[in-house]
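Visitor: Next comes the structure file model26.csv, holding CSV, C-alpha atoms.
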chain,number,residue,atom,x,y,z
A,1333,MET,CA,146.1,75.5,-15.8
A,1334,ILE,CA,148.2,72.4,-15.3
A,1335,SER,CA,149.8,71.9,-11.9
A,1336,THR,CA,153.2,73.4,-11.3
A,1337,ASN,CA,154.6,70.0,-10.6
A,1338,LEU,CA,153.4,68.7,-14.0
A,1339,ARG,CA,154.7,71.8,-15.7
A,1340,ILE,CA,158.1,71.4,-14.2
A,1341,ILE,CA,158.3,67.7,-15.0
A,1342,ALA,CA,157.1,68.3,-18.6
A,1343,ILE,CA,159.6,71.2,-19.1
A,1344,ALA,CA,162.5,69.3,-17.5
A,1345,GLY,CA,161.6,66.1,-19.4
A,1346,SER,CA,161.4,67.7,-22.8
A,1347,LEU,CA,164.6,69.7,-22.1
A,1348,ALA,CA,166.4,66.5,-21.1
A,1349,LEU,CA,165.2,64.8,-24.2
A,1350,LEU,CA,166.5,67.7,-26.4
A,1351,ILE,CA,169.9,67.6,-24.7
A,1352,PHE,CA,170.0,63.8,-25.0
A,1353,ILE,CA,169.2,63.9,-28.7
A,1354,VAL,CA,171.9,66.6,-29.4
A,1355,GLU,CA,174.4,64.5,-27.4
A,1356,LEU,CA,173.5,61.4,-29.4
A,1357,VAL,CA,174.1,63.2,-32.6
A,1358,ARG,CA,177.4,64.6,-31.3
A,1359,ARG,CA,178.6,61.1,-30.5
A,1360,ARG,CA,177.4,59.9,-33.9
A,1361,HIS,CA,175.0,57.4,-32.2
A,1362,LEU,CA,172.1,59.1,-34.1
A,1363,LYS,CA,172.3,60.3,-37.6
A,1364,GLU,CA,171.2,63.9,-38.2
A,1365,GLU,CA,168.6,62.6,-40.6
A,1366,TYR,CA,166.8,60.6,-37.9
A,1367,SER,CA,167.1,63.3,-35.3
A,1368,VAL,CA,164.7,65.7,-37.1
A,1369,LEU,CA,161.5,64.1,-35.9
A,1370,TRP,CA,162.8,63.7,-32.4
A,1371,VAL,CA,163.9,67.3,-32.1
A,1372,ALA,CA,160.6,68.4,-33.4
A,1373,THR,CA,158.8,66.3,-30.9
A,1374,ALA,CA,160.9,67.6,-28.0
A,1375,LEU,CA,160.5,71.2,-29.1
A,1376,ALA,CA,156.8,70.9,-29.5
A,1377,LEU,CA,156.4,69.3,-26.0
A,1378,LEU,CA,158.6,72.0,-24.5
A,1379,LEU,CA,156.5,74.7,-26.2
A,1380,LEU,CA,153.3,73.2,-24.9
A,1381,ALA,CA,154.6,72.8,-21.4
A,1382,ALA,CA,156.1,76.3,-21.1
A,1383,TRP,CA,153.5,78.3,-22.9
A,1384,ASP,CA,150.4,78.3,-20.8
A,1385,GLY,CA,148.2,80.2,-23.3
A,1386,LEU,CA,149.0,77.9,-26.1
A,1387,LEU,CA,148.1,74.8,-24.1
A,1388,ARG,CA,144.9,76.5,-22.9
A,1389,ASP,CA,143.8,77.5,-26.4
A,1390,LEU,CA,144.7,74.1,-27.8
A,1391,ALA,CA,142.7,72.3,-25.1
A,1392,HIS,CA,139.8,74.6,-25.8
A,1393,PHE,CA,140.1,73.9,-29.5
A,1394,ILE,CA,140.1,70.1,-29.3
A,1395,GLY,CA,137.4,70.2,-26.6
A,1396,ALA,CA,139.5,68.6,-23.9
A,1397,ASN,CA,138.4,68.9,-20.3
A,1398,SER,CA,141.9,69.3,-18.9
A,1399,GLN,CA,145.1,70.8,-20.2
A,1400,ALA,CA,147.1,67.9,-18.7
A,1401,SER,CA,145.2,65.4,-21.0
A,1402,THR,CA,145.9,67.8,-23.9
A,1403,LEU,CA,149.6,67.5,-23.2
A,1404,TYR,CA,149.3,63.7,-23.1
A,1405,PHE,CA,147.3,63.6,-26.2
A,1406,PHE,CA,149.9,65.5,-28.2
A,1407,SER,CA,152.7,63.5,-26.7
A,1408,ILE,CA,151.1,60.3,-27.9
A,1409,LEU,CA,150.3,61.8,-31.3
A,1410,PHE,CA,154.0,62.6,-31.8
A,1411,VAL,CA,155.1,59.2,-30.6
A,1412,VAL,CA,152.6,57.5,-33.1
A,1413,PHE,CA,154.1,59.5,-35.9
A,1414,LEU,CA,157.6,58.6,-34.8
A,1415,LEU,CA,156.8,54.9,-34.8
A,1416,LEU,CA,155.2,55.1,-38.2
A,1417,HIS,CA,158.2,56.8,-39.5
A,1418,PHE,CA,160.4,54.0,-38.1
A,1419,SER,CA,158.2,51.3,-39.7
A,1420,VAL,CA,158.7,53.1,-43.0
A,1421,ARG,CA,162.5,53.1,-42.4
A,1422,VAL,CA,162.5,49.4,-41.5
A,1423,SER,CA,160.6,48.6,-44.6
A,1424,LYS,CA,163.1,50.5,-46.7
A,1425,LEU,CA,166.0,48.8,-44.9
A,1426,GLU,CA,164.5,45.4,-45.5
A,1427,ARG,CA,164.2,46.1,-49.2
A,1428,ARG,CA,167.8,47.1,-49.3
A,1429,VAL,CA,168.9,44.1,-47.3
A,1430,VAL,CA,167.1,41.8,-49.8
A,1431,VAL,CA,168.9,43.4,-52.7
A,1432,LEU,CA,172.2,42.9,-51.0
A,1433,LEU,CA,171.4,39.3,-50.1
A,1434,GLN,CA,170.6,38.6,-53.7
A,1435,GLU,CA,173.7,40.2,-54.9
A,1436,VAL,CA,175.8,38.1,-52.5
A,1437,ALA,CA,174.1,35.0,-53.8
A,1438,LEU,CA,174.7,36.0,-57.4
A,1439,LEU,CA,178.4,36.6,-56.7
A,1440,GLY,CA,178.8,33.2,-55.0
A,1441,GLU,CA,177.4,31.3,-58.0
A,1442,ARG,CA,178.6,27.7,-58.4
A,1443,ASP,CA,178.3,25.5,-61.4
A,1444,GLY,CA,177.3,21.9,-61.5
A,1445,ARG,CA,180.6,20.3,-61.0
A,1446,PRO,CA,181.3,19.0,-57.5
A,1447,ARG,CA,183.4,21.4,-55.5
A,1448,ALA,CA,187.1,20.6,-55.4
A,1449,SER,CA,187.3,21.1,-51.7
A,1450,GLY,CA,184.6,18.6,-51.2
A,1451,GLY,CA,182.9,20.6,-48.5
A,1452,ASP,CA,179.8,22.6,-48.8
A,1453,LEU,CA,179.3,26.1,-47.4
A,1454,ALA,CA,178.5,25.9,-43.8
A,1455,ALA,CA,175.2,27.5,-43.0
A,1456,ASP,CA,176.8,30.2,-40.8
A,1457,GLU,CA,179.6,30.9,-43.2
A,1458,PRO,CA,179.0,33.9,-45.6
A,1459,ALA,CA,179.0,32.7,-49.2
A,1460,TRP,CA,181.5,35.4,-50.3
A,1461,GLU,CA,184.3,34.1,-48.1
A,1462,THR,CA,184.5,31.0,-50.3
A,1463,SER,CA,183.9,32.5,-53.7
A,1464,ILE,CA,186.1,35.6,-53.4
A,1465,ARG,CA,189.4,34.6,-52.0
B,72,MET,CA,184.8,23.9,-57.4
B,73,SER,CA,186.3,27.2,-56.3
B,74,ARG,CA,186.6,29.7,-59.1
B,75,GLU,CA,189.2,32.5,-58.8
B,76,ARG,CA,187.4,35.7,-59.0
B,77,THR,CA,188.3,39.2,-57.8
B,78,LEU,CA,186.0,41.7,-56.3
B,79,GLY,CA,184.2,43.8,-58.8
B,80,GLU,CA,185.0,41.8,-61.8
B,81,PRO,CA,181.9,41.1,-63.8
B,82,ALA,CA,180.9,37.4,-63.8
B,83,ALA,CA,180.9,37.4,-67.6
B,84,ASP,CA,182.8,34.1,-67.8
B,85,ALA,CA,180.1,32.3,-65.9
B,86,TYR,CA,177.3,33.7,-67.9
B,87,ALA,CA,179.0,33.1,-71.2
B,88,ALA,CA,179.1,29.4,-70.4
B,89,CYS,CA,175.3,29.1,-70.3
B,90,MET,CA,174.0,30.7,-73.5
B,91,LYS,CA,171.0,28.5,-73.8
B,92,ASP,CA,167.5,29.8,-74.5
B,93,LEU,CA,165.7,28.6,-71.5
B,94,LEU,CA,166.4,28.7,-67.8
B,95,ILE,CA,164.5,26.7,-65.2
B,96,ILE,CA,164.6,28.1,-61.7
B,97,ILE,CA,164.2,25.8,-58.7
B,98,PRO,CA,163.9,27.7,-55.4
B,99,ALA,CA,164.8,25.3,-52.6
B,100,TYR,CA,164.9,25.4,-48.9
B,101,ASN,CA,166.0,22.3,-47.1
B,102,GLU,CA,165.1,20.0,-50.0
B,103,GLN,CA,168.1,17.7,-49.6
B,104,GLY,CA,167.3,14.3,-51.2
B,105,ARG,CA,164.5,15.7,-53.3
B,106,VAL,CA,166.0,18.5,-55.3
B,107,GLY,CA,168.3,16.2,-57.2
B,108,ARG,CA,165.4,14.2,-58.5
B,109,VAL,CA,163.6,17.4,-59.7
B,110,ILE,CA,166.8,18.5,-61.6
B,111,GLN,CA,167.0,15.1,-63.3
B,112,ASP,CA,163.3,15.3,-64.3
B,113,VAL,CA,163.8,18.8,-65.7
B,114,ASN,CA,166.9,17.7,-67.6
B,115,SER,CA,165.1,14.7,-69.1
B,116,ALA,CA,162.0,16.7,-70.0
B,117,LEU,CA,163.9,19.6,-71.6
B,118,THR,CA,167.3,18.7,-73.0
B,119,ASP,CA,168.2,22.3,-74.0
B,120,ALA,CA,167.4,24.0,-70.7
B,121,ASP,CA,169.8,25.3,-68.0
B,122,VAL,CA,168.8,24.5,-64.4
B,123,LEU,CA,169.4,27.0,-61.6
B,124,VAL,CA,168.8,26.1,-58.0
B,125,VAL,CA,168.4,29.0,-55.7
B,126,ASP,CA,169.3,27.6,-52.3
B,127,ASP,CA,167.4,29.8,-49.8
B,128,GLY,CA,169.8,29.5,-46.9
B,129,SER,CA,169.3,25.8,-46.4
B,130,THR,CA,170.8,24.2,-43.3
B,131,ASP,CA,171.1,20.8,-45.0
B,132,ASP,CA,173.0,19.6,-48.1
B,133,THR,CA,170.5,21.1,-50.6
B,134,ALA,CA,173.2,23.2,-52.4
B,135,ALA,CA,175.7,20.3,-52.6
B,136,ASP,CA,172.9,17.9,-53.8
B,137,ALA,CA,171.9,20.4,-56.5
B,138,ALA,CA,175.4,20.9,-57.7
B,139,GLN,CA,176.0,17.2,-57.8
B,140,ALA,CA,172.9,16.8,-60.0
B,141,GLY,CA,174.4,19.3,-62.4
B,142,ALA,CA,172.5,22.5,-61.7
B,143,THR,CA,174.0,25.9,-61.3
B,144,VAL,CA,173.6,26.9,-57.6
B,145,LEU,CA,173.1,30.3,-56.0
B,146,SER,CA,173.1,30.3,-52.2
B,147,LEU,CA,171.4,33.0,-50.3
B,148,PRO,CA,173.4,33.6,-47.1
B,149,VAL,CA,170.3,33.5,-44.9
B,150,ASN,CA,166.8,32.1,-45.3
B,151,SER,CA,164.9,34.9,-47.0
B,152,GLY,CA,161.7,33.3,-48.2
B,153,TYR,CA,160.2,31.9,-51.4
B,154,GLY,CA,159.8,35.2,-53.3
B,155,VAL,CA,163.3,36.5,-52.5
B,156,ALA,CA,164.7,33.2,-53.8
B,157,LEU,CA,162.7,33.4,-57.0
B,158,GLN,CA,163.6,37.0,-57.6
B,159,THR,CA,167.3,36.1,-57.2
B,160,GLY,CA,166.7,33.5,-60.0
B,161,TYR,CA,165.0,36.1,-62.2
B,162,LYS,CA,167.9,38.5,-61.7
B,163,PHE,CA,170.4,35.7,-62.7
B,164,GLY,CA,168.3,34.8,-65.7
B,165,VAL,CA,167.8,38.3,-67.0
B,166,ARG,CA,171.4,39.2,-66.6
B,167,ALA,CA,172.5,36.1,-68.4
B,168,GLY,CA,170.1,36.9,-71.2
B,169,TYR,CA,167.8,33.9,-71.3
B,170,ALA,CA,164.8,34.4,-73.6
B,171,LYS,CA,162.5,32.3,-71.4
B,172,ILE,CA,162.5,31.5,-67.7
B,173,GLY,CA,160.5,28.8,-66.0
B,174,GLN,CA,160.1,27.9,-62.3
B,175,ILE,CA,159.2,24.7,-60.6
B,176,ASP,CA,159.1,23.7,-56.9
B,177,ALA,CA,161.9,21.7,-55.4
B,178,ASP,CA,159.8,19.3,-53.4
B,179,GLY,CA,158.9,17.2,-56.5
B,180,GLN,CA,155.2,18.0,-56.5
B,181,HIS,CA,155.3,19.6,-59.9
B,182,ARG,CA,155.9,17.2,-62.8
B,183,ALA,CA,158.6,18.5,-65.0
B,184,GLU,CA,157.1,16.8,-68.1
B,185,TYR,CA,154.5,19.6,-68.2
B,186,LEU,CA,157.2,22.1,-68.9
B,187,THR,CA,157.2,21.1,-72.6
B,188,ALA,CA,153.4,21.7,-72.7
B,189,MET,CA,153.9,25.0,-71.1
B,190,LEU,CA,156.6,26.0,-73.6
B,191,GLU,CA,154.2,25.0,-76.4
B,192,ALA,CA,151.4,27.0,-74.9
B,193,LEU,CA,153.6,30.0,-74.5
B,194,GLU,CA,154.2,30.0,-78.3
B,195,ARG,CA,150.8,28.9,-79.4
B,196,GLN,CA,148.8,31.3,-77.2
B,197,ASP,CA,151.3,34.1,-77.7
B,198,ALA,CA,151.4,34.5,-74.0
B,199,ASP,CA,153.9,36.2,-71.7
B,200,LEU,CA,153.4,34.0,-68.7
B,201,ILE,CA,152.0,30.4,-68.5
B,202,VAL,CA,150.7,29.2,-65.2
B,203,GLY,CA,150.4,25.5,-64.5
B,204,SER,CA,147.0,25.2,-62.9
B,205,ARG,CA,146.0,22.4,-60.5
B,206,PHE,CA,142.3,23.2,-60.8
B,207,LEU,CA,141.8,23.4,-64.6
B,208,GLY,CA,141.8,19.7,-65.3
B,209,HIS,CA,140.8,16.9,-63.0
B,210,ASP,CA,143.7,16.5,-60.6
B,211,ASP,CA,143.0,13.7,-58.2
B,212,HIS,CA,146.3,14.1,-56.4
B,213,TYR,CA,146.1,17.6,-55.2
B,214,LYS,CA,143.9,17.9,-52.2
B,215,PRO,CA,144.4,21.2,-50.4
B,216,SER,CA,143.0,21.7,-46.9
B,217,LEU,CA,139.6,23.4,-46.7
B,218,ALA,CA,141.0,26.7,-45.4
B,219,ARG,CA,143.5,26.7,-48.2
B,220,ALA,CA,141.0,25.7,-50.9
B,221,VAL,CA,138.8,28.6,-49.7
B,222,GLY,CA,141.7,31.0,-49.8
B,223,ILE,CA,142.9,30.0,-53.2
B,224,GLY,CA,139.3,30.0,-54.6
B,225,LEU,CA,138.7,33.5,-53.2
B,226,PHE,CA,141.8,34.9,-54.9
B,227,ALA,CA,141.2,33.0,-58.1
B,228,HIS,CA,137.7,34.6,-58.4
B,229,LEU,CA,139.0,38.0,-57.4
B,230,THR,CA,141.8,37.8,-59.9
B,231,SER,CA,139.4,36.6,-62.6
B,232,LEU,CA,137.1,39.4,-61.8
B,233,ILE,CA,139.8,42.1,-62.0
B,234,THR,CA,141.6,40.8,-65.0
B,235,HIS,CA,138.5,39.6,-66.9
B,236,GLU,CA,140.4,36.4,-67.7
B,237,GLN,CA,139.9,32.9,-66.5
B,238,VAL,CA,142.3,32.4,-63.5
B,239,SER,CA,141.8,29.2,-61.5
B,240,ASP,CA,145.1,28.9,-59.7
B,241,PRO,CA,146.9,32.2,-58.8
B,242,THR,CA,148.9,30.4,-56.1
B,243,SER,CA,150.7,28.0,-58.4
B,244,GLY,CA,154.5,28.2,-58.3
B,245,PHE,CA,154.7,26.3,-61.6
B,246,GLN,CA,155.2,29.0,-64.2
B,247,LEU,CA,157.0,29.8,-67.5
B,248,MET,CA,157.5,33.3,-68.7
B,249,ARG,CA,159.2,35.4,-71.3
B,250,SER,CA,162.3,37.5,-70.3
B,251,ARG,CA,160.3,40.7,-70.3
B,252,VAL,CA,158.1,39.4,-67.5
B,253,ALA,CA,161.1,38.3,-65.5
B,254,ARG,CA,162.6,41.7,-66.1
B,255,LEU,CA,159.6,43.3,-64.5
B,256,PHE,CA,159.9,40.9,-61.7
B,257,CYS,CA,163.4,42.0,-61.0
B,258,SER,CA,162.2,45.5,-60.1
B,259,ASP,CA,160.8,46.4,-56.7
B,260,VAL,CA,157.2,46.2,-57.8
B,261,TYR,CA,157.6,42.5,-57.3
B,262,PRO,CA,156.2,41.4,-53.9
B,263,THR,CA,159.0,39.3,-52.5
B,264,ASP,CA,157.1,38.1,-49.5
B,265,TYR,CA,154.0,36.4,-51.1
B,266,PRO,CA,154.2,36.6,-54.9
B,267,ASP,CA,150.7,35.3,-55.8
B,268,ALA,CA,147.5,36.7,-57.2
B,269,ASP,CA,148.8,40.3,-56.9
B,270,VAL,CA,151.6,39.4,-59.4
B,271,LEU,CA,149.0,38.2,-62.0
B,272,ILE,CA,147.0,41.4,-61.6
B,273,LEU,CA,150.2,43.4,-61.9
B,274,LEU,CA,151.0,41.7,-65.1
B,275,HIS,CA,147.5,42.2,-66.5
B,276,ARG,CA,147.7,45.9,-65.7
B,277,THR,CA,151.2,46.1,-67.3
B,278,GLY,CA,149.6,44.7,-70.5
B,279,TYR,CA,151.1,41.2,-70.4
B,280,ARG,CA,149.2,38.2,-71.4
B,281,VAL,CA,148.8,35.4,-68.8
B,282,CYS,CA,147.4,32.0,-69.7
B,283,GLU,CA,146.8,28.8,-67.7
B,284,ILE,CA,147.2,25.2,-68.7
B,285,PRO,CA,146.1,22.2,-66.6
B,286,VAL,CA,148.8,20.3,-64.7
B,287,GLN,CA,148.7,17.3,-62.4
B,288,MET,CA,150.5,17.2,-59.2
B,289,ARG,CA,152.3,14.4,-57.5
B,290,PRO,CA,151.0,13.5,-54.0
B,291,SER,CA,152.4,15.9,-51.4
B,292,PRO,CA,155.6,14.8,-49.8
B,293,GLY,CA,154.3,15.9,-46.4
B,294,LYS,CA,155.4,19.4,-45.9
B,295,SER,CA,154.8,22.3,-48.2
B,296,MET,CA,157.0,25.2,-49.2
B,297,HIS,CA,154.0,27.4,-49.2
B,298,SER,CA,152.7,26.5,-45.8
B,299,GLY,CA,151.7,30.1,-45.1
B,300,HIS,CA,149.0,30.1,-47.7
B,301,SER,CA,146.0,29.6,-45.4
B,302,SER,CA,147.1,32.0,-42.6
B,303,PRO,CA,145.0,35.1,-41.9
B,304,TYR,CA,148.1,37.2,-42.5
B,305,TYR,CA,148.3,35.8,-46.1
B,306,VAL,CA,144.7,36.7,-46.8
B,307,TYR,CA,145.2,40.2,-45.3
B,308,LYS,CA,148.4,40.7,-47.2
B,309,MET,CA,147.0,39.6,-50.5
B,310,LEU,CA,143.9,41.7,-50.2
B,311,LEU,CA,146.0,44.8,-49.4
B,312,SER,CA,148.5,44.0,-52.1
B,313,ILE,CA,145.8,43.6,-54.7
B,314,PHE,CA,144.2,46.8,-53.6
B,315,VAL,CA,147.3,48.9,-53.8
B,316,THR,CA,148.3,47.3,-57.1
B,317,LEU,CA,145.0,48.6,-58.4
B,318,LEU,CA,145.6,52.0,-56.9
B,319,ARG,CA,149.0,52.3,-58.4
B,320,ARG,CA,149.0,53.9,-61.8
B,321,GLY,CA,151.3,53.7,-64.7
B,322,VAL,CA,153.2,50.5,-64.4
B,323,LYS,CA,155.4,51.1,-67.3
B,324,VAL,CA,155.6,48.5,-70.1
B,325,ILE,CA,159.3,48.1,-70.8
B,326,PRO,CA,159.9,49.0,-74.5
B,327,GLN,CA,160.6,45.9,-76.6
B,328,ALA,CA,163.9,47.5,-77.8
B,329,LYS,CA,165.3,47.6,-74.3
B,330,LEU,CA,164.7,43.9,-73.8
B,331,ALA,CA,167.2,42.6,-76.3
B,332,PRO,CA,170.1,41.1,-74.3
Any chance you could put this one into structure tokens?
Guide:
Amino acid sequence: MISTNLRIIAIAGSLALLIFIVELVRRRHLKEEYSVLWVATALALLLLAAWDGLLRDLAHFIGANSQASTLYFFSILFVVFLLLHFSVRVSKLERRVVVLLQEVALLGERDGRPRASGGDLAADEPAWETSIR
Amino acid sequence: MSRERTLGEPAADAYAACMKDLLIIIPAYNEQGRVGRVIQDVNSALTDADVLVVDDGSTDDTAADAAQAGATVLSLPVNSGYGVALQTGYKFGVRAGYAKIGQIDADGQHRAEYLTAMLEALERQDADLIVGSRFLGHDDHYKPSLARAVGIGLFAHLTSLITHEQVSDPTSGFQLMRSRVARLFCSDVYPTDYPDADVLILLHRTGYRVCEIPVQMRPSPGKSMHSGHSSPYYVYKMLLSIFVTLLRRGVKVIPQAKLAP
């Protein structure tokens, strides 16, 4: 058995997380696509906190001494998966950014003659502003 | 000069102007005052080559210097690294339909006169990529630090072991390739963070022929474009990259017919 206080906090916490995620999707601050793992995490935590038998069996299965640490263990496991998921998304984003950067550079091609304006692109000025006008 | 161009219009006019056979790519980051000399050297070594400088988000006048010296210039909006700059050059070269693409560092350490020897070797050895190696001959000028020499030596041996070919300098940025190699480099199998020994292994597994010729370097101008090459991260990344390159199956050899421009 986990203590009543921990159970209340765990249930309230995962419910709040669930509501917060739905609200973020509603306001379009979070894409549906990215909400899947979060919703799954919140639901799984809610299930573990509310269903005493499941947590007890799970604790027994993994050989944990306390059900509270079982709850923590699975919370951390979900978080690790979430972080890994985001590292994958960041890698994908980076690859896409590189492709875009290269296309921008290829669009802004200049030939060997000195520029009529005399000025070079300032470092902070996007190349396309000068080449597509 | 500012060219009138509307969004979405293909840049065919620009590409039609440079219908030479050979493109030399010079990736440059803050090489103002040095890159112009390299362009002149390339032009005097190879009269029939186009020179493309890929300015990797330089904060100095690299782009203007390069344009002044007569090179075509592509400017990346932000500093993105050596591999990204190189790949930008490959994309330009492949789209423009060059048959051969070479690359040389902008800091003047590589001597452009070796490009003719590399061109010869490409034909004579029927190779797909020629690497200018600093360790094949006796180069008195190139003295890498101990950590770097160990790193380069390790990956040279590893690459030789995997490809069953003599590879002495997988780190060299002095290369000349056929367009089909550049075409492969335009895809996302090309590691844009540290293109190095893993690229040579990738080429070997794709079925392309890589050869080395000895080159001499000029004394280092002080800083290096490849300063990361002795860091622990470099060693880790290269080992992992080589490992996953070996794990990946079926890098497809692009059919010859599809390569015609």
Visitor: Given the choices B:Ala198, B:Leu311, B:Val221, B:Leu229, which gets closest to B:Gln246 if the distance is worked out from only C-alpha atoms?
Guide: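 Of B:Ala198, B:Leu311, B:Val221, B:Leu229, the one nearest B:Gln246, counting only C-alpha atoms, is B:Ala198.
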Visitor: Excluding same-chain residues fewer than 5 positions from B:Val202, what lies within 12 Å of it counting all atoms listed in the file, as a PyMOL selection string?
Guide: chain B and resi 173-175+181+185-186+188-190+192-193+207+237-248+267-268+270-271+280-286
Visitor: One decimal, Å: what's the distance from atom CA of B:Ser146 over to atom CA of A:Ala1437, could you say?
Guide: 5.1 Å
Visitor: Enter the distance from atom CA of A:Ala1382 to atom CA of A:Val1368, in Å, rounded to one decimal.
Guide: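 Straight-line distance from atom CA of A:Ala1382 to atom CA of A:Val1368 works out to 21.0 Å.
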Visitor: Excluding A:Asn1337 and its own-chain neighbours fewer than 5 positions away, which residues fall within 12 Å of it when counting only C-alpha atoms? Please give them as a PyMOL selection string.
Guide: chain A and resi 1342-1345+1381+1400
Visitor: In Å, with one decimal, what is the gap from atom CA of B:Asp176 to atom CA of B:Ile223?
Guide: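 Atom-to-atom, atom CA of B:Asp176 to atom CA of B:Ile223, that is 17.8 Å.
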Visitor: Chain B residues within 6 Å of chain A, counting only C-alpha atoms: which ones, as a PyMOL selection string?
Guide: chain B and resi 72+76+130+138-139+141-148+159
Visitor: Would you please work out which residue, of B:Tyr161, B:Val155, B:Thr133, B:Ser115, is nearest to B:Ile96 when using all atoms listed in the file?
Guide: B:Tyr161
